[in-house]
Amino acid sequence: MAQREAALRLDEQWDRIRSGAAHAQPGDRARLLGELISALREPALGDPECAARLGLRLGDLAARRFADGDRAGALSALEDGLRHARQAAGHSPEYARWYARGLINQGVWLAWPLSDADRLPRHPLGAAAEEGPSPMERAAGERALDVTRAAVDVLAGLDPRDPVNQRGLAQAKVFLGDRLAELGLAEDSVAWAVDAERDFRRLLQVGPGPEEAREAEDALAHIERQLELRLRFLDFASLTGLRSDGLLPERLLPRAAVAARIQGVEPERIAAGLRLDGERVAEALAGLAWRAVWRVDVRGPDGLWNVQGHPWHSAADVTNRTAEQVAQEVYRGFTGSPDYPGPGAHWRIRVWWQEEGDPAGARFRLVIAPEGPSDAPDTPGGAPS
């Protein structure tokens with residue numbers, strides 16, 4: 001009993017430092033955290049509170065290691081913490097929430113190589129990506145998806161009338177959407193993000209406190225940004241499927257129409273598939289510009305591709321145009337210009353949506369060679385893709 005009380009006093013001291021209510025030098029913080037973890041280990045064997053707090057503090061240790069660049073050490077500490085958190089989770093809703101938080105963090109750190117510096121997916125098209133994750137990265141991403149699903153399940157099993165549980169579940173759904181996007185499961189990622197968005201909007205309607213309202217608004221801003229980006233990774237069948245299931249927010253329908261048009265879908269099919277009036281589709285296509293970025297490369301005698309200068313490497317905001325139509329205009333301009341290398345050369349055109357090298361891949365590409373068409377990327381030939 002004395003050992004338990006001493007450990008909990010240390011935990012209270014650490015919590016004050018961690019929250020900023022008390023100050024300690026970095027060395028003292030590290031020493032105290034190490035002492036606290038050691039002090040909690042024995043009472044954690046039979047005491048749910050100590051087990052839950054040990055899980056939290058091993059999570060704090062993992063965060064410190066991750067900040068120091070030691071991802072492997074962070075994951076090891078977190079795995080240790082989750083073993084203790086799991087045994088305590090059934091004893092209290094609060095301990096269950098702590099366990100779910102640990103699972104979410106594990107998912108974030110496992111999936112870290114699958115996202116860029118802005119935490120956007122590096123390979124959002126899954127198997128269709130031009131460059132995919134390594135087998136080891138993909139395995140880590142799939143594990144991250146599994147543990148994040150487990151966190152959602154834990155939180156979904158708690159009292160749904162409790163606003164704390166509601167917030168926790170909504171946040172977990174956001175993370176699940178992110179993990180799905182990293183593995184190229186864009187349609188599922190949109191569905192979960194929309195579900196989370198609805199949850200956060202319901203929370204705002206019941207008049208939460210200032211801190212809870214700020215958290216919900218931050219989450220909604222993140223979701224809105226992610227949903228707009230994920231539209232770029234969806235084919236028309238996915239867009240229409242989400243619309244049919246009620247998982248495409250009304251505000252995104254004009255952008256979805258533009259996304260479909262970029263792919264070459266005719267306005268009449270867009271209207272039917274998205275269940276929109278034809279006039280509304282026409283207004284969206286005429287009123288919403290998309291950023292077309294194009295580049296022409298010519299293969300030199302050494303076999304290397306050489307990027308051409310402006311205007312063959314440029315961008316423009318266009319409306320009611322497909323990526324293929326943009327490419328056709330560039331094609332006509334280039335073949336009629338002094339820069340054209342002649343009919344015996346190998347050259348190519350690529351058109352992206354919004355940014356060159358967009359993770360969503362080129363929306364159109366054409367590779368030209370004297371031998372004739374081929375749909376193989378970066379090799380002689382010519383075909384849209």
# chains A, B, ... in the order shown; residues from 1 in each chain; ligands from 1
>>> residues_around(residues="Arg83 of chain A", least_positions_apart="5", cutoff="12 Å", atoms="only C-alpha atoms", output="PyMOL selection string")
chain A and resi 41+44-45+51-56+58-59+76-78+88-89+99+102-103
>>> closest_atom_pairs(of="segment 31-133 of chain A", to="segment 226-241 of chain A", cutoff="10 Å", atoms="only C-alpha atoms", output="Markdown table")
| residue | atom | partner | partner_atom | distance |
| --- | --- | --- | --- | --- |
| A:Leu120 | CA | A:Gln226 | CA | 8.4 |
| A:Pro121 | CA | A:Arg230 | CA | 9.8 |
| A:Pro124 | CA | A:Phe233 | CA | 6.9 |
| A:Leu125 | CA | A:Phe233 | CA | 6.4 |
| A:Gly126 | CA | A:Phe233 | CA | 9.9 |
>>> residues_around(residues="Ala315 of chain A", least_positions_apart="2", cutoff="12 Å", atoms="only C-alpha atoms", output="list in words")
Trp290, Arg291, Ala292, Val293, Trp294, Arg295, Val296, His310, Pro311, Trp312, His313, Asp317, Val318, Val326, Ala327, Val330, Arg350, Val351, Trp352, Trp353, Gln354, Glu355 and Glu356 of chain A
>>> residues_around(residues="Arg64 of chain A", least_positions_apart="3", cutoff="12 Å", atoms="only C-alpha atoms", output="list in words")
Arg18, Pro26, Arg29, Ala30, Leu33, Gly34, Arg57, Leu58, Gly59, Asp60, Leu61, Ala67, Asp68, Gly69, Asp70, Arg71, Gly73, Ala74, Leu75, Ala77 and Leu78 of chain A
>>> atom_distance(atom1="atom CA of Val265 of chain A", atom2="atom CA of Thr322 of chain A")
8.2 Å
>>> residues_around(residues="segment 93-97 of chain A", least_positions_apart="5", cutoff="8 Å", atoms="only C-alpha atoms", output="PyMOL selection string")
chain A and resi 49+52+85-86+88+154-155+158+165+168
>>> residues_around(residues="Val298 of chain A", least_positions_apart="4", cutoff="12 Å", atoms="only C-alpha atoms", output="PyMOL selection string")
chain A and resi 302-309+312-313+334+339-350+366-369+378-380
>>> closest_residue(among="A:Val108, A:Leu169, A:Val281, A:Ala156", to="Arg143 of chain A", atoms="only C-alpha atoms")
A:Val108
>>> residues_around(residues="His222 of chain A", least_positions_apart="2", cutoff="12 Å", atoms="only C-alpha atoms", output="ChimeraX atom specification")
/A:118-120,171,174-175,177-178,193-194,196-197,200,215-220,224-229
